Amino acid sequence: MVAVKGSCPLLTFSVAGTMIWMDSTTVLNGLSCAQLTNGTIVRVSGLRRQDRSILASTISAQRP
């Protein structure tokens with residue numbers, strides 16, 4: 001993940017070129033909001049929006 005912006009729980013960041021939006025309903029598995037920093041490897045599940053971004057329902061930590 002790169003280009004992390006905002007403050008918890010309202011964050012945006014990019015994964016493989018896709019903009020990810022996180023809000024207060026997003027569930028974090030295996031990491032805290034403070035651990036969502038540039039370079040963190042995550043798996044994102046959520047709803048793809050019309051602008052091709054994703055509103056994350058779940059963000060999970062992934063091992064490198």
# chains A, B, ... in the order shown; residues from 1 in each chain; ligands from 1
call {"tool": "residues_around", "arguments": {"residues": "stretch 14-25 of chain A", "least_positions_apart": "5", "cutoff": "6 Å", "atoms": "only C-alpha atoms", "output": "JSON, numbers by chain"}}
result
{"A": [1, 2, 9, 53, 54, 55, 56]}
call {"tool": "residues_around", "arguments": {"residues": "A:Ala34", "least_positions_apart": "3", "cutoff": "9 Å", "atoms": "only C-alpha atoms", "output": "ChimeraX atom specification"}}
result
/A:8,31,37
call {"tool": "atom_distance", "arguments": {"atom1": "atom CA of A:Val42", "atom2": "atom CA of A:Val27"}}
result
12.6 Å
call {"tool": "atom_distance", "arguments": {"atom1": "atom CA of A:Gln62", "atom2": "atom CA of A:Thr12"}}
result
18.3 Å
call {"tool": "atom_distance", "arguments": {"atom1": "atom CA of A:Gly6", "atom2": "atom CA of A:Asp51"}}
result
19.5 Å
call {"tool": "select_by_dssp", "arguments": {"residues": "chain A", "states": "strand (DSSP E or B)", "output": "ChimeraX atom specification"}}
result
/A:2-7,10-15,18-22,27-29,42-48,54-61
call {"tool": "residues_around", "arguments": {"residues": "A:Ile59", "least_positions_apart": "3", "cutoff": "6 Å", "atoms": "only C-alpha atoms", "output": "number ranges by chain"}}
result
A: 28, 43-44
call {"tool": "decode", "arguments": {"residues": "chain A", "atoms": "C-alpha atoms", "output": "mmCIF file, in the first residue's frame"}}
result
data_model
loop_
_atom_site.group_PDB
_atom_site.id
_atom_site.type_symbol
_atom_site.label_atom_id
_atom_site.label_comp_id
_atom_site.auth_asym_id
_atom_site.auth_seq_id
_atom_site.Cartn_x
_atom_site.Cartn_y
_atom_site.Cartn_z
ATOM 1 C CA MET A 1 0.000 0.000 0.000
ATOM 2 C CA VAL A 2 1.168 3.518 -0.775
ATOM 3 C CA ALA A 3 0.034 7.123 -0.530
ATOM 4 C CA VAL A 4 -1.713 6.721 2.836
ATOM 5 C CA LYS A 5 -3.745 9.854 3.628
ATOM 6 C CA GLY A 6 -6.157 10.895 6.349
ATOM 7 C CA SER A 7 -6.475 9.841 9.965
ATOM 8 C CA CYS A 8 -8.032 6.769 11.507
ATOM 9 C CA PRO A 9 -10.590 5.592 10.818
ATOM 10 C CA LEU A 10 -11.004 7.734 7.681
ATOM 11 C CA LEU A 11 -8.087 6.744 5.447
ATOM 12 C CA THR A 12 -7.409 6.471 1.740
ATOM 13 C CA PHE A 13 -4.529 4.603 0.166
ATOM 14 C CA SER A 14 -3.574 2.794 -3.020
ATOM 15 C CA VAL A 15 -3.071 -0.942 -3.540
ATOM 16 C CA ALA A 16 -1.813 -2.098 -6.960
ATOM 17 C CA GLY A 17 -3.036 1.139 -8.505
ATOM 18 C CA THR A 18 -6.538 0.977 -7.007
ATOM 19 C CA MET A 19 -7.694 3.676 -4.578
ATOM 20 C CA ILE A 20 -9.004 2.211 -1.313
ATOM 21 C CA TRP A 21 -11.336 4.100 1.010
ATOM 22 C CA MET A 22 -11.612 3.092 4.669
ATOM 23 C CA ASP A 23 -14.232 4.316 7.148
ATOM 24 C CA SER A 24 -15.525 3.542 10.639
ATOM 25 C CA THR A 25 -17.305 0.386 9.394
ATOM 26 C CA THR A 26 -14.113 -1.189 7.976
ATOM 27 C CA VAL A 27 -12.992 -4.270 9.931
ATOM 28 C CA LEU A 28 -9.228 -4.682 10.460
ATOM 29 C CA ASN A 29 -7.893 -8.251 10.787
ATOM 30 C CA GLY A 30 -4.399 -8.795 12.186
ATOM 31 C CA LEU A 31 -3.400 -5.133 12.301
ATOM 32 C CA SER A 32 -4.365 -1.841 13.873
ATOM 33 C CA CYS A 33 -5.212 1.385 12.115
ATOM 34 C CA ALA A 34 -1.838 2.801 13.216
ATOM 35 C CA GLN A 35 -0.105 -0.019 11.290
ATOM 36 C CA LEU A 36 -1.638 1.079 7.984
ATOM 37 C CA THR A 37 1.434 2.845 6.656
ATOM 38 C CA ASN A 38 3.237 3.053 3.319
ATOM 39 C CA GLY A 39 4.715 -0.343 2.463
ATOM 40 C CA THR A 40 2.326 -2.438 4.586
ATOM 41 C CA ILE A 41 1.115 -5.524 2.696
ATOM 42 C CA VAL A 42 -2.649 -5.954 2.972
ATOM 43 C CA ARG A 43 -5.571 -7.816 1.445
ATOM 44 C CA VAL A 44 -8.693 -5.724 0.890
ATOM 45 C CA SER A 45 -12.294 -6.865 0.476
ATOM 46 C CA GLY A 46 -15.097 -4.439 -0.216
ATOM 47 C CA LEU A 47 -17.468 -2.772 -2.627
ATOM 48 C CA ARG A 48 -16.153 -1.503 -5.950
ATOM 49 C CA ARG A 49 -17.544 1.960 -6.629
ATOM 50 C CA GLN A 50 -18.404 3.531 -9.988
ATOM 51 C CA ASP A 51 -15.089 5.400 -10.034
ATOM 52 C CA ARG A 52 -13.306 1.974 -9.734
ATOM 53 C CA SER A 53 -12.118 2.699 -6.185
ATOM 54 C CA ILE A 54 -13.018 0.273 -3.378
ATOM 55 C CA LEU A 55 -14.846 1.039 -0.147
ATOM 56 C CA ALA A 56 -13.149 -1.471 2.150
ATOM 57 C CA SER A 57 -15.300 -3.721 4.319
ATOM 58 C CA THR A 58 -12.297 -5.760 5.533
ATOM 59 C CA ILE A 59 -8.542 -5.120 5.499
ATOM 60 C CA SER A 60 -6.302 -8.015 6.517
ATOM 61 C CA ALA A 61 -2.573 -8.127 7.225
ATOM 62 C CA GLN A 62 -0.558 -10.238 4.779
ATOM 63 C CA ARG A 63 2.922 -11.616 5.256
ATOM 64 C CA PRO A 64 5.578 -10.569 2.729
#
